[in-house]
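This is entry_8.pdb (PDB, C-alpha atoms).
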```pdb
ATOM      1  CA  MET A   1       9.942 -20.348   1.232
ATOM      2  CA  ASP A   2       9.354 -21.684   4.726
ATOM      3  CA  TRP A   3       8.487 -18.185   5.924
ATOM      4  CA  HIS A   4       5.854 -17.804   3.197
ATOM      5  CA  GLN A   5       4.270 -21.160   4.018
ATOM      6  CA  ALA A   6       4.206 -20.311   7.731
ATOM      7  CA  LEU A   7       2.733 -16.874   7.072
ATOM      8  CA  SER A   8       0.121 -18.314   4.696
ATOM      9  CA  ALA A   9      -0.877 -20.884   7.307
ATOM     10  CA  ALA A  10      -1.117 -18.234  10.019
ATOM     11  CA  LEU A  11      -3.220 -15.925   7.833
ATOM     12  CA  PRO A  12      -5.589 -18.155   5.840
ATOM     13  CA  GLY A  13      -7.467 -16.361   3.097
ATOM     14  CA  THR A  14      -5.039 -13.427   3.160
ATOM     15  CA  ALA A  15      -3.333 -12.231  -0.003
ATOM     16  CA  ILE A  16       0.364 -11.876   0.716
ATOM     17  CA  TYR A  17       2.276  -9.203  -1.152
ATOM     18  CA  ILE A  18       6.063  -9.041  -0.981
ATOM     19  CA  ASN A  19       7.719  -5.663  -0.624
ATOM     20  CA  ASP A  20      10.475  -4.840  -3.135
ATOM     21  CA  ARG A  21      11.912  -8.345  -3.568
ATOM     22  CA  VAL A  22      10.723  -9.563  -6.951
ATOM     23  CA  ASP A  23      12.948 -12.629  -6.670
ATOM     24  CA  ALA A  24      11.358 -13.652  -3.366
ATOM     25  CA  ALA A  25       7.852 -12.923  -4.658
ATOM     26  CA  ALA A  26       8.465 -15.031  -7.769
ATOM     27  CA  SER A  27       9.977 -17.924  -5.810
ATOM     28  CA  VAL A  28       6.888 -18.269  -3.590
ATOM     29  CA  GLN A  29       4.417 -17.229  -6.305
ATOM     30  CA  ALA A  30       3.105 -14.405  -4.145
ATOM     31  CA  VAL A  31      -0.164 -12.764  -5.107
ATOM     32  CA  GLY A  32       1.667  -9.496  -5.606
ATOM     33  CA  VAL A  33       4.808  -7.460  -5.275
ATOM     34  CA  GLN A  34       5.121  -3.842  -4.153
ATOM     35  CA  LEU A  35       7.949  -1.996  -5.878
ATOM     36  CA  GLY A  36       9.754   0.921  -4.293
ATOM     37  CA  TYR A  37      11.348   3.887  -5.953
ATOM     38  CA  THR A  38      14.694   2.074  -6.307
ATOM     39  CA  SER A  39      13.258  -1.367  -7.189
ATOM     40  CA  VAL A  40      13.475  -3.015 -10.586
ATOM     41  CA  PRO A  41      11.267  -1.383 -13.235
ATOM     42  CA  ILE A  42       7.648  -2.509 -13.454
ATOM     43  CA  GLU A  43       8.249  -3.978 -16.918
ATOM     44  CA  THR A  44      11.066  -6.157 -15.565
ATOM     45  CA  ALA A  45       8.972  -7.336 -12.629
ATOM     46  CA  ARG A  46       6.131  -8.197 -15.015
ATOM     47  CA  LYS A  47       8.495 -10.411 -17.053
ATOM     48  CA  LEU A  48       9.779 -12.196 -13.936
ATOM     49  CA  MET A  49       6.440 -12.770 -12.200
ATOM     50  CA  PRO A  50       3.806 -15.330 -13.165
ATOM     51  CA  ALA A  51       0.843 -14.051 -15.185
ATOM     52  CA  GLY A  52      -1.818 -12.546 -12.970
ATOM     53  CA  THR A  53       0.561 -11.286 -10.288
ATOM     54  CA  HIS A  54      -0.446  -7.859  -8.968
ATOM     55  CA  ILE A  55       2.356  -5.346  -9.288
ATOM     56  CA  GLY A  56       2.250  -2.093  -7.386
ATOM     57  CA  CYS A  57       4.565   0.857  -7.266
ATOM     58  CA  SER A  58       5.276   3.533  -4.669
ATOM     59  CA  VAL A  59       4.751   7.056  -6.017
ATOM     60  CA  HIS A  60       5.118  10.545  -4.607
ATOM     61  CA  SER A  61       3.435  12.747  -7.220
ATOM     62  CA  VAL A  62       0.772  12.899  -9.931
ATOM     63  CA  ALA A  63       3.473  12.533 -12.611
ATOM     64  CA  GLU A  64       4.900   9.409 -10.968
ATOM     65  CA  ALA A  65       1.397   7.904 -10.637
ATOM     66  CA  ARG A  66       0.709   8.442 -14.326
ATOM     67  CA  GLU A  67       4.089   6.988 -15.240
ATOM     68  CA  ALA A  68       3.484   3.931 -13.048
ATOM     69  CA  ARG A  69       0.149   3.292 -14.787
ATOM     70  CA  GLN A  70       1.720   3.738 -18.227
ATOM     71  CA  ASN A  71       4.450   1.270 -17.254
ATOM     72  CA  GLY A  72       1.885  -1.338 -16.234
ATOM     73  CA  ALA A  73       1.334  -0.932 -12.483
ATOM     74  CA  ASP A  74      -1.891  -2.496 -11.236
ATOM     75  CA  TYR A  75      -2.051  -0.090  -8.280
ATOM     76  CA  VAL A  76       0.091   2.557  -6.576
ATOM     77  CA  PHE A  77       0.984   3.457  -3.000
ATOM     78  CA  PHE A  78       1.018   7.200  -2.352
ATOM     79  CA  GLY A  79       2.322   8.985   0.693
ATOM     80  CA  HIS A  80       3.171   9.994   3.160
ATOM     81  CA  ILE A  81      -0.213  11.543   3.842
ATOM     82  CA  TYR A  82       0.320  12.721   7.441
ATOM     83  CA  ALA A  83       3.404  13.403   9.535
ATOM     84  CA  THR A  84       5.148  10.194  10.532
ATOM     85  CA  ALA A  85       8.279   9.346  12.493
ATOM     86  CA  SER A  86       9.496   7.183   9.604
ATOM     87  CA  LYS A  87       9.691  10.289   7.381
ATOM     88  CA  GLU A  88      10.892  12.722  10.030
ATOM     89  CA  GLY A  89      11.580  16.182   8.645
ATOM     90  CA  ALA A  90       9.763  15.536   5.362
ATOM     91  CA  PRO A  91       6.496  17.469   5.106
ATOM     92  CA  PRO A  92       3.406  15.296   4.647
ATOM     93  CA  ARG A  93       1.682  15.442   1.280
ATOM     94  CA  GLY A  94      -1.838  15.602   2.723
ATOM     95  CA  VAL A  95      -5.279  14.518   1.559
ATOM     96  CA  ASP A  96      -5.576  17.209  -1.133
ATOM     97  CA  ALA A  97      -2.489  15.824  -2.896
ATOM     98  CA  LEU A  98      -3.892  12.321  -2.384
ATOM     99  CA  ALA A  99      -7.142  13.354  -4.104
ATOM    100  CA  GLU A 100      -5.140  14.762  -7.042
ATOM    101  CA  VAL A 101      -3.197  11.512  -7.405
ATOM    102  CA  VAL A 102      -6.410   9.473  -7.207
ATOM    103  CA  ARG A 103      -7.969  11.548 -10.023
ATOM    104  CA  ALA A 104      -4.867  11.229 -12.218
ATOM    105  CA  ALA A 105      -3.633   7.709 -11.504
ATOM    106  CA  GLY A 106      -6.075   5.581 -13.490
ATOM    107  CA  VAL A 107      -5.367   2.681 -11.103
ATOM    108  CA  PRO A 108      -6.295   2.113  -7.443
ATOM    109  CA  VAL A 109      -4.339   4.273  -5.000
ATOM    110  CA  VAL A 110      -3.416   2.987  -1.547
ATOM    111  CA  ALA A 111      -2.574   5.740   0.935
ATOM    112  CA  ILE A 112       0.279   5.319   3.400
ATOM    113  CA  GLY A 113       2.007   7.372   6.057
ATOM    114  CA  GLY A 114       0.827   8.530   9.459
ATOM    115  CA  ILE A 115      -2.723   7.263   8.997
ATOM    116  CA  GLY A 116      -4.381   6.433  12.295
ATOM    117  CA  PRO A 117      -7.846   4.991  12.723
ATOM    118  CA  GLU A 118      -9.180   8.516  13.254
ATOM    119  CA  GLN A 119      -7.921   9.631   9.804
ATOM    120  CA  THR A 120      -9.121   6.561   7.906
ATOM    121  CA  GLY A 121     -12.461   8.063   6.844
ATOM    122  CA  GLU A 122     -10.842  11.282   5.621
ATOM    123  CA  VAL A 123      -8.306   9.344   3.544
ATOM    124  CA  LEU A 124     -10.948   7.108   1.996
ATOM    125  CA  SER A 125     -13.167  10.142   1.321
ATOM    126  CA  ALA A 126     -10.284  11.574  -0.720
ATOM    127  CA  GLY A 127     -10.680   8.567  -3.015
ATOM    128  CA  ALA A 128      -8.043   6.141  -1.749
ATOM    129  CA  ALA A 129      -8.855   2.525  -2.520
ATOM    130  CA  GLY A 130      -7.345   1.551   0.809
ATOM    131  CA  ILE A 131      -4.797   2.361   3.464
ATOM    132  CA  ALA A 132      -1.509   0.795   4.472
ATOM    133  CA  VAL A 133      -0.269   0.975   8.042
ATOM    134  CA  LEU A 134       2.821  -0.247   9.836
ATOM    135  CA  SER A 135       4.065   1.571  12.911
ATOM    136  CA  SER A 136       0.576   2.529  14.054
ATOM    137  CA  VAL A 137      -0.022  -1.166  14.678
ATOM    138  CA  PHE A 138       3.430  -2.628  15.273
ATOM    139  CA  LEU A 139       4.561   0.080  17.697
ATOM    140  CA  HIS A 140       1.220   0.370  19.516
ATOM    141  CA  ALA A 141       1.001  -0.727  23.158
ATOM    142  CA  ASP A 142      -1.964  -2.951  22.218
ATOM    143  CA  PRO A 143      -1.520  -3.918  18.528
ATOM    144  CA  GLU A 144      -4.540  -6.212  18.478
ATOM    145  CA  ARG A 145      -6.831  -3.468  19.791
ATOM    146  CA  GLN A 146      -5.353  -1.035  17.250
ATOM    147  CA  VAL A 147      -6.203  -3.417  14.408
ATOM    148  CA  TYR A 148      -9.794  -3.549  15.694
ATOM    149  CA  ARG A 149      -9.875   0.255  15.780
ATOM    150  CA  TYR A 150      -8.939   0.290  12.083
ATOM    151  CA  ARG A 151     -11.598  -2.308  11.332
ATOM    152  CA  GLU A 152     -14.193  -0.176  13.150
ATOM    153  CA  ALA A 153     -13.096   2.916  11.200
ATOM    154  CA  LEU A 154     -13.368   1.046   7.905
ATOM    155  CA  ASP A 155     -16.786  -0.303   8.844
ATOM    156  CA  ARG A 156     -18.002   3.191   9.805
ATOM    157  CA  TYR A 157     -16.825   4.530   6.457
ATOM    158  CA  THR A 158     -18.487   1.795   4.397
ATOM    159  CA  ALA A 159     -21.738   1.999   6.399
ATOM    160  CA  ARG A 160     -22.317   5.665   5.578
TER     161      ARG A 160
END
```
Turn the structure described in the file into structure tokens.
Amino acid sequence: MDWHQALSAALPGTAIYINDRVDAAASVQAVGVQLGYTSVPIETARKLMPAGTHIGCSVHSVAEAREARQNGADYVFFGHIYATASKEGAPPRGVDALAEVVRAAGVPVVAIGGIGPEQTGEVLSAGAAGIAVLSSVFLHADPERQVYRYREALDRYTAR
């Protein structure tokens, strides 16, 4: 719990979602939990989490997105959209597949995987409710500047 308090203090006004660990999310009453393919089922997470907790699920196809919605997911993560070192050898799904998932999901879709600031507008134009990034920021030579580049890309998209 100390880590959650420290993170909350360092990021005031930020909603903190816990990846995969329903037990950890419940113990700190996190705003949400993101379930992976091998996580507990959405229905189980819903029973363990306080009312109002956002529960998301990683999906890789239209069928999985529909199933996640039917099982009670509040949102889904879909990817990987572009080639990424974390999914080396696996072909990216692309923005056309993203658009299909967005149309079929019935819940907000967050795109993930290989999305740089320069692809942000294309991904959002495909209907994604948002983007998730990791290595593009954490492995960048200037992570702070990279975050600003994403902010600028998001602002350009919303200003159009």
Inset, instruction - Could you check which of A:Leu124, A:Leu35, A:Ala6, A:Ala63 is closest to Asp20 (chain A), using only C-alpha atoms? - result: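 Result for the nearest residue to Asp20 (chain A): A:Leu35.
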Inset, instruction - Go through A:Ala159, A:Ile131, A:Ala15, A:Pro117 one by one, measure the shortest atom-to-atom distance of each to Gln146 (chain A) using all atoms listed in the file, and give the residue with the smallest value. - result: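 The closest residue to Gln146 (chain A) is A:Pro117.
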Please, what is the axis-aligned box for every listed atom of region 125-131 of chain A with 4 Å on each side, as centre and edge lengths in Å to one decimal, as lines of an AutoDock Vina configuration file?
```
center_x = -9.0
center_y = 6.6
center_z = 0.2
size_x = 16.4
size_y = 18.0
size_z = 14.5
```
Inset, instruction - For CA of Tyr150 (chain A) and CA of Asp74 (chain A), quote the distance in Å rounded to one decimal. - result: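 Computed distance, CA of Tyr150 (chain A) to CA of Asp74 (chain A), equals 24.5 Å.
Each of A:His140, A:His54, A:Arg21, A:Lys87 was checked against Thr38 (chain A) using only C-alpha atoms; the smallest atom-to-atom distance is that of A:Arg21.
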